[in-house]
Amino acid sequence: MPRIPIDGLDIHCEQIGEGAPLVFIHGAFADTRMWDPQWQHFATKYQLLRYDLRGHGKTGPSILDHYTIETFADDLAALLDALGVGTVALCGQSFGGSIAQAFAIRHQERVRALVLAGSMVAVDLSLMDKLLCRLFFPEWAMTTTIKLLSVEKFTRFSLWLGRLTKGKQFLSTDENTTKYLEQCMFQMDSNEYLKFWRALYAFKLLPLERITCPTLILNGEYEPKSMLPHTLELLRLIPHAEAKIVPAAHHASNMDNPKIFNALVDDFLRRAG
């Protein structure tokens with residue numbers, strides 16, 4: 001698979017298919033494999049691109065001291081430029097959807113359609129968000145804990161906390177999917193892990209009203225209730241947004257119920273033109 005040099009970083013990416021470009025952006029601490037359930041399905045209709053974010057998967061660490069949502073949006077722009085890809089449809093899951101938001105705002109002319117699956121709009125949007133990340137687990141406490149523990153131990157702690165606050169199967173209904181996501185986290189470089197957590201804590205509400213393209217917001221039927229305010233904010237601020245539910249799915253809805261997820265995205269992209 002090709003590795004594309006971008007500002008001193010070799011980004012791992014994969015391409016398949018022909019037609020209008022469709023780009024998949026994976027979520028925090030995952031990698032390109034999370035899109036396996038979509039890969040062959042959409043390759044019959046589109047020119048597909050998926051890639052590992054900096055700090056993740058086969059792309060690996062970078063020399064930057066810190067990351068922001070704009071860092072990842074700029075990486076995507078540079079990758080598309082290097083590949084000679086112009087206007088695209090973007091499909092992002094979780095934090096990948098947040099990156100897609102930032103890209104669609106910074107490069108309005110390059111995005112023809114946007115799919116945001118289980119995507120938040122800020123780290124501290126709701127009261128519960130504020131309590132968790134500002135009072136109970138502020139950034140300094142979180143980063144100090146990560147430094148004191150190994151990545152694996154902290155990941156196990158954060159997964160325990162997620163299950164406690166969001167439900168036992170908050171990531172996925174499928175045990176293999178949960179194991180895959182956990183292994184991605186365990187294998188992450190400790191410095192990259194810290195930089196990404198800091199980027200998450202720094203993520204603020206973007207000027208979403210500047211997104212001009214048709215937008216589909218997807219959530220799993222059993223998505224944690226904490227995602228509802230984020231979905232409502234996306235619907236309120238993005239002019240051409242609609243929302244759908246993926247039945248029998250949790251946060252990783254594209255992996256939990258790929259048949260319905262793919263059908264909803266198919267229908268949306270067809271209507272978006």
# chains A, B, ... in the order shown; residues from 1 in each chain; ligands from 1
call {"tool": "closest_atom_pairs", "arguments": {"of": "segment 108-156 of chain A", "to": "segment 77-98 of chain A", "cutoff": "9 Å", "atoms": "only C-alpha atoms", "output": "JSON lines"}}
result
{"residue": "A:Glu109", "atom": "CA", "partner": "A:Thr87", "partner_atom": "CA", "distance": 7.2}
{"residue": "A:Arg110", "atom": "CA", "partner": "A:Thr87", "partner_atom": "CA", "distance": 4.2}
{"residue": "A:Val111", "atom": "CA", "partner": "A:Val88", "partner_atom": "CA", "distance": 5.1}
{"residue": "A:Arg112", "atom": "CA", "partner": "A:Ala89", "partner_atom": "CA", "distance": 5.4}
{"residue": "A:Ala113", "atom": "CA", "partner": "A:Ala89", "partner_atom": "CA", "distance": 4.6}
{"residue": "A:Leu114", "atom": "CA", "partner": "A:Leu90", "partner_atom": "CA", "distance": 5.0}
{"residue": "A:Val115", "atom": "CA", "partner": "A:Cys91", "partner_atom": "CA", "distance": 4.5}
{"residue": "A:Leu116", "atom": "CA", "partner": "A:Gly97", "partner_atom": "CA", "distance": 4.8}
{"residue": "A:Ala117", "atom": "CA", "partner": "A:Gln93", "partner_atom": "CA", "distance": 4.6}
{"residue": "A:Gly118", "atom": "CA", "partner": "A:Ser94", "partner_atom": "CA", "distance": 4.8}
{"residue": "A:Ser119", "atom": "CA", "partner": "A:Ser94", "partner_atom": "CA", "distance": 4.2}
{"residue": "A:Met120", "atom": "CA", "partner": "A:Ser98", "partner_atom": "CA", "distance": 6.4}
{"residue": "A:Val121", "atom": "CA", "partner": "A:Ser98", "partner_atom": "CA", "distance": 6.4}
{"residue": "A:Ala122", "atom": "CA", "partner": "A:Ser98", "partner_atom": "CA", "distance": 8.4}
call {"tool": "residues_around", "arguments": {"residues": "segment 1-6 of chain A", "least_positions_apart": "2", "cutoff": "8 Å", "atoms": "only C-alpha atoms", "output": "JSON, numbers by chain"}}
result
{"A": [8, 9, 10, 11, 12, 13, 14, 59, 75, 78, 79, 82]}
call {"tool": "closest_residue", "arguments": {"among": "A:Arg210, A:His26, A:Thr32, A:Ile245", "to": "Leu228 of chain A", "atoms": "only C-alpha atoms"}}
result
A:Ile245
call {"tool": "closest_residue", "arguments": {"among": "A:Leu216, A:Leu208, A:Ala202, A:Ala20", "to": "Phe268 of chain A", "atoms": "only C-alpha atoms"}}
result
A:Leu216
call {"tool": "residues_around", "arguments": {"residues": "Cys184 of chain A", "least_positions_apart": "4", "cutoff": "8 Å", "atoms": "only C-alpha atoms", "output": "PDB file with N, CA and C atoms, in the first residue's frame"}}
result
ATOM      1  N   PHE A  29      -7.922   6.648  17.734  1.00  0.00           N
ATOM      2  CA  PHE A  29      -7.258   5.432  18.207  1.00  0.00           C
ATOM      3  C   PHE A  29      -7.560   4.193  17.364  1.00  0.00           C
ATOM      4  N   ALA A  30      -8.222   4.354  16.217  1.00  0.00           N
ATOM      5  CA  ALA A  30      -8.494   3.227  15.316  1.00  0.00           C
ATOM      6  C   ALA A  30      -7.534   3.296  14.137  1.00  0.00           C
ATOM      7  N   ASP A  31      -7.890   2.661  13.019  1.00  0.00           N
ATOM      8  CA  ASP A  31      -7.096   2.756  11.791  1.00  0.00           C
ATOM      9  C   ASP A  31      -7.987   2.420  10.605  1.00  0.00           C
ATOM     10  N   GLY A  57      -2.019   3.729  13.456  1.00  0.00           N
ATOM     11  CA  GLY A  57      -1.811   2.645  12.501  1.00  0.00           C
ATOM     12  C   GLY A  57      -0.443   2.650  11.847  1.00  0.00           C
ATOM     13  N   TYR A 180     -10.903  -5.418  18.478  1.00  0.00           N
ATOM     14  CA  TYR A 180     -10.104  -4.715  17.471  1.00  0.00           C
ATOM     15  C   TYR A 180      -9.811  -3.285  17.917  1.00  0.00           C
ATOM     16  N   MET A 188      -0.778   1.942  20.444  1.00  0.00           N
ATOM     17  CA  MET A 188      -0.425   3.305  20.076  1.00  0.00           C
ATOM     18  C   MET A 188       0.802   3.775  20.855  1.00  0.00           C
TER      19      MET A 188
END
call {"tool": "atom_distance", "arguments": {"atom1": "atom CA of Trp197 of chain A", "atom2": "atom CA of Ile69 of chain A"}}
result
11.4 Å
call {"tool": "closest_residue", "arguments": {"among": "A:Phe103, A:Thr68, A:Ser226, A:Met255", "to": "Lys130 of chain A", "atoms": "only C-alpha atoms"}}
result
A:Ser226
call {"tool": "residues_around", "arguments": {"residues": "Leu237 of chain A", "least_positions_apart": "4", "cutoff": "10 Å", "atoms": "only C-alpha atoms", "output": "VMD selection string"}}
result
chain A and resid 206 to 211 232 to 233 241
call {"tool": "write_last_selection", "arguments": {"atoms": "all heavy atoms", "output": "JSON list (two decimals), in the first residue's frame"}}
result
[["chain", "number", "residue", "atom", "x", "y", "z"],
["A", 206, "LEU", "N", -17.01, 24.40, 16.19],
["A", 206, "LEU", "CA", -16.58, 25.08, 14.98],
["A", 206, "LEU", "C", -17.74, 25.87, 14.37],
["A", 206, "LEU", "O", -18.91, 25.63, 14.71],
["A", 206, "LEU", "CB", -16.08, 24.03, 13.97],
["A", 206, "LEU", "CG", -14.90, 23.16, 14.42],
["A", 206, "LEU", "CD1", -14.66, 22.04, 13.42],
["A", 206, "LEU", "CD2", -13.65, 24.00, 14.60],
["A", 207, "PRO", "N", -17.46, 26.80, 13.46],
["A", 207, "PRO", "CA", -18.54, 27.55, 12.80],
["A", 207, "PRO", "C", -19.24, 26.66, 11.76],
["A", 207, "PRO", "O", -19.06, 26.80, 10.55],
["A", 207, "PRO", "CB", -17.80, 28.73, 12.15],
["A", 207, "PRO", "CG", -16.40, 28.23, 11.93],
["A", 207, "PRO", "CD", -16.11, 27.30, 13.08],
["A", 208, "LEU", "N", -20.05, 25.74, 12.26],
["A", 208, "LEU", "CA", -20.66, 24.72, 11.40],
["A", 208, "LEU", "C", -21.61, 25.31, 10.37],
["A", 208, "LEU", "O", -21.89, 24.65, 9.35],
["A", 208, "LEU", "CB", -21.42, 23.71, 12.28],
["A", 208, "LEU", "CG", -20.56, 22.91, 13.26],
["A", 208, "LEU", "CD1", -21.43, 22.10, 14.21],
["A", 208, "LEU", "CD2", -19.61, 21.99, 12.51],
["A", 209, "GLU", "N", -22.11, 26.51, 10.61],
["A", 209, "GLU", "CA", -23.01, 27.14, 9.65],
["A", 209, "GLU", "C", -22.31, 27.41, 8.31],
["A", 209, "GLU", "O", -22.97, 27.67, 7.30],
["A", 209, "GLU", "CB", -23.58, 28.44, 10.21],
["A", 209, "GLU", "CG", -22.57, 29.54, 10.49],
["A", 209, "GLU", "CD", -21.85, 29.41, 11.83],
["A", 209, "GLU", "OE1", -22.08, 28.40, 12.54],
["A", 209, "GLU", "OE2", -21.06, 30.31, 12.16],
["A", 210, "ARG", "N", -20.97, 27.33, 8.30],
["A", 210, "ARG", "CA", -20.23, 27.54, 7.05],
["A", 210, "ARG", "C", -20.19, 26.29, 6.17],
["A", 210, "ARG", "O", -19.71, 26.34, 5.03],
["A", 210, "ARG", "CB", -18.79, 27.97, 7.36],
["A", 210, "ARG", "CG", -18.69, 29.31, 8.08],
["A", 210, "ARG", "CD", -17.23, 29.68, 8.31],
["A", 210, "ARG", "NE", -17.09, 30.84, 9.18],
["A", 210, "ARG", "CZ", -15.93, 31.30, 9.62],
["A", 210, "ARG", "NH1", -14.80, 30.69, 9.27],
["A", 210, "ARG", "NH2", -15.89, 32.36, 10.42],
["A", 211, "ILE", "N", -20.66, 25.17, 6.68],
["A", 211, "ILE", "CA", -20.70, 23.95, 5.87],
["A", 211, "ILE", "C", -21.86, 24.08, 4.89],
["A", 211, "ILE", "O", -23.02, 24.19, 5.30],
["A", 211, "ILE", "CB", -20.86, 22.69, 6.75],
["A", 211, "ILE", "CG1", -19.63, 22.53, 7.64],
["A", 211, "ILE", "CG2", -21.08, 21.45, 5.89],
["A", 211, "ILE", "CD1", -19.72, 21.37, 8.61],
["A", 232, "LEU", "N", -28.06, 17.16, 17.74],
["A", 232, "LEU", "CA", -28.99, 18.29, 17.66],
["A", 232, "LEU", "C", -28.26, 19.57, 17.25],
["A", 232, "LEU", "O", -28.81, 20.38, 16.49],
["A", 232, "LEU", "CB", -29.69, 18.49, 19.00],
["A", 232, "LEU", "CG", -30.65, 17.37, 19.42],
["A", 232, "LEU", "CD1", -31.22, 17.64, 20.80],
["A", 232, "LEU", "CD2", -31.77, 17.19, 18.40],
["A", 233, "GLU", "N", -27.03, 19.74, 17.74],
["A", 233, "GLU", "CA", -26.25, 20.93, 17.37],
["A", 233, "GLU", "C", -25.86, 20.89, 15.89],
["A", 233, "GLU", "O", -25.90, 21.92, 15.20],
["A", 233, "GLU", "CB", -25.01, 21.05, 18.26],
["A", 233, "GLU", "CG", -24.34, 22.40, 18.24],
["A", 233, "GLU", "CD", -25.13, 23.48, 18.96],
["A", 233, "GLU", "OE1", -26.29, 23.25, 19.36],
["A", 233, "GLU", "OE2", -24.57, 24.59, 19.13],
["A", 241, "ALA", "N", -28.59, 19.67, 6.58],
["A", 241, "ALA", "CA", -28.28, 18.45, 7.33],
["A", 241, "ALA", "C", -29.54, 17.64, 7.60],
["A", 241, "ALA", "O", -30.63, 18.19, 7.80],
["A", 241, "ALA", "CB", -27.59, 18.79, 8.64]]
call {"tool": "atom_distance", "arguments": {"atom1": "atom CA of Leu76 of chain A", "atom2": "atom CA of Arg236 of chain A"}}
result
26.1 Å
call {"tool": "select_by_dssp", "arguments": {"residues": "segment 16-233 of chain A", "states": "strand (DSSP E or B)", "output": "PyMOL selection string"}}
result
chain A and resi 16+21-25+47-51+88-93+111-117+215-220
call {"tool": "write_last_selection", "arguments": {"atoms": "N, CA, C and O atoms", "output": "short mmCIF file (atom, residue, chain, number, x, y, z; two decimals), in the first residue's frame"}}
result
data_model
loop_
_atom_site.label_atom_id
_atom_site.label_comp_id
_atom_site.auth_asym_id
_atom_site.auth_seq_id
_atom_site.Cartn_x
_atom_site.Cartn_y
_atom_site.Cartn_z
N ILE A 16 -9.02 2.40 -4.05
CA ILE A 16 -9.64 1.34 -4.84
C ILE A 16 -10.84 1.93 -5.55
O ILE A 16 -11.42 2.93 -5.11
N PRO A 21 -14.75 10.62 -6.09
CA PRO A 21 -13.98 10.26 -4.90
C PRO A 21 -14.83 10.25 -3.62
O PRO A 21 -15.63 11.17 -3.39
N LEU A 22 -14.64 9.23 -2.81
CA LEU A 22 -15.27 9.09 -1.50
C LEU A 22 -14.18 8.75 -0.50
O LEU A 22 -13.48 7.74 -0.66
N VAL A 23 -14.01 9.58 0.52
CA VAL A 23 -12.92 9.43 1.48
C VAL A 23 -13.49 9.01 2.83
O VAL A 23 -14.43 9.63 3.34
N PHE A 24 -12.90 7.97 3.42
CA PHE A 24 -13.27 7.50 4.75
C PHE A 24 -12.23 7.93 5.76
O PHE A 24 -11.03 7.71 5.55
N ILE A 25 -12.69 8.51 6.89
CA ILE A 25 -11.79 8.98 7.95
C ILE A 25 -12.13 8.21 9.23
O ILE A 25 -13.25 8.33 9.75
N GLN A 47 -14.51 6.05 -6.42
CA GLN A 47 -13.07 5.96 -6.19
C GLN A 47 -12.85 6.19 -4.69
O GLN A 47 -13.07 7.28 -4.17
N LEU A 48 -12.44 5.13 -3.97
CA LEU A 48 -12.36 5.19 -2.52
C LEU A 48 -10.94 5.52 -2.06
O LEU A 48 -9.96 5.11 -2.66
N LEU A 49 -10.87 6.24 -0.94
CA LEU A 49 -9.62 6.52 -0.28
C LEU A 49 -9.83 6.38 1.23
O LEU A 49 -10.80 6.90 1.77
N ARG A 50 -8.95 5.63 1.88
CA ARG A 50 -8.91 5.59 3.34
C ARG A 50 -7.45 5.69 3.75
O ARG A 50 -6.56 5.27 3.02
N TYR A 51 -7.22 6.23 4.94
CA TYR A 51 -5.84 6.48 5.36
C TYR A 51 -5.77 6.44 6.88
O TYR A 51 -6.77 6.64 7.58
N VAL A 88 -14.50 15.97 -3.16
CA VAL A 88 -14.72 14.65 -2.56
C VAL A 88 -16.02 14.63 -1.76
O VAL A 88 -16.54 15.67 -1.36
N ALA A 89 -16.50 13.42 -1.52
CA ALA A 89 -17.47 13.17 -0.45
C ALA A 89 -16.67 12.62 0.72
O ALA A 89 -15.74 11.82 0.53
N LEU A 90 -17.00 13.06 1.94
CA LEU A 90 -16.28 12.63 3.14
C LEU A 90 -17.21 11.82 4.03
O LEU A 90 -18.36 12.22 4.24
N CYS A 91 -16.69 10.73 4.57
CA CYS A 91 -17.43 9.93 5.54
C CYS A 91 -16.51 9.72 6.74
O CYS A 91 -15.50 9.01 6.64
N GLY A 92 -16.84 10.35 7.88
CA GLY A 92 -16.00 10.25 9.06
C GLY A 92 -16.76 9.64 10.22
O GLY A 92 -17.94 9.92 10.43
N GLN A 93 -16.09 8.79 10.99
CA GLN A 93 -16.69 8.16 12.15
C GLN A 93 -16.08 8.73 13.43
O GLN A 93 -14.86 8.86 13.54
N VAL A 111 -15.75 19.86 -0.95
CA VAL A 111 -16.61 18.82 -0.36
C VAL A 111 -17.99 18.88 -0.99
O VAL A 111 -18.71 19.87 -0.87
N ARG A 112 -18.38 17.79 -1.65
CA ARG A 112 -19.70 17.75 -2.28
C ARG A 112 -20.75 17.12 -1.39
O ARG A 112 -21.94 17.35 -1.58
N ALA A 113 -20.33 16.31 -0.42
CA ALA A 113 -21.26 15.68 0.50
C ALA A 113 -20.50 15.25 1.74
O ALA A 113 -19.30 14.95 1.68
N LEU A 114 -21.22 15.18 2.87
CA LEU A 114 -20.59 14.93 4.15
C LEU A 114 -21.42 13.91 4.93
O LEU A 114 -22.63 14.08 5.08
N VAL A 115 -20.75 12.85 5.42
CA VAL A 115 -21.41 11.87 6.29
C VAL A 115 -20.68 11.88 7.63
O VAL A 115 -19.47 11.65 7.69
N LEU A 116 -21.42 12.16 8.69
CA LEU A 116 -20.86 12.25 10.04
C LEU A 116 -21.50 11.17 10.90
O LEU A 116 -22.69 11.25 11.24
N ALA A 117 -20.73 10.15 11.25
CA ALA A 117 -21.26 9.01 12.00
C ALA A 117 -20.77 9.06 13.45
O ALA A 117 -19.57 9.01 13.70
N THR A 215 -25.44 17.15 4.15
CA THR A 215 -24.79 16.46 5.26
C THR A 215 -25.73 15.43 5.87
O THR A 215 -26.89 15.74 6.17
N LEU A 216 -25.22 14.22 6.04
CA LEU A 216 -25.97 13.14 6.69
C LEU A 216 -25.33 12.84 8.04
O LEU A 216 -24.13 12.59 8.12
N ILE A 217 -26.15 12.86 9.09
CA ILE A 217 -25.69 12.55 10.44
C ILE A 217 -26.24 11.18 10.83
O ILE A 217 -27.45 10.98 10.82
N LEU A 218 -25.35 10.27 11.15
CA LEU A 218 -25.75 8.90 11.51
C LEU A 218 -25.38 8.60 12.95
O LEU A 218 -24.29 8.96 13.41
N ASN A 219 -26.28 7.92 13.64
CA ASN A 219 -26.00 7.43 14.99
C ASN A 219 -26.55 6.03 15.13
O ASN A 219 -27.60 5.70 14.54
N GLY A 220 -25.85 5.20 15.90
CA GLY A 220 -26.37 3.88 16.19
C GLY A 220 -27.60 3.97 17.08
O GLY A 220 -27.75 4.91 17.87
#
call {"tool": "closest_residue", "arguments": {"among": "A:Asn191, A:Ser126, A:Thr231, A:Thr177", "to": "Gly55 of chain A", "atoms": "only C-alpha atoms"}}
result
A:Asn191
call {"tool": "closest_residue", "arguments": {"among": "A:Thr178, A:Gln15, A:Ser150, A:Gln38", "to": "Pro258 of chain A", "atoms": "only C-alpha atoms"}}
result
A:Gln38
call {"tool": "closest_residue", "arguments": {"among": "A:Ala100, A:Leu194, A:Leu125, A:Leu131", "to": "Leu148 of chain A", "atoms": "only C-alpha atoms"}}
result
A:Leu194
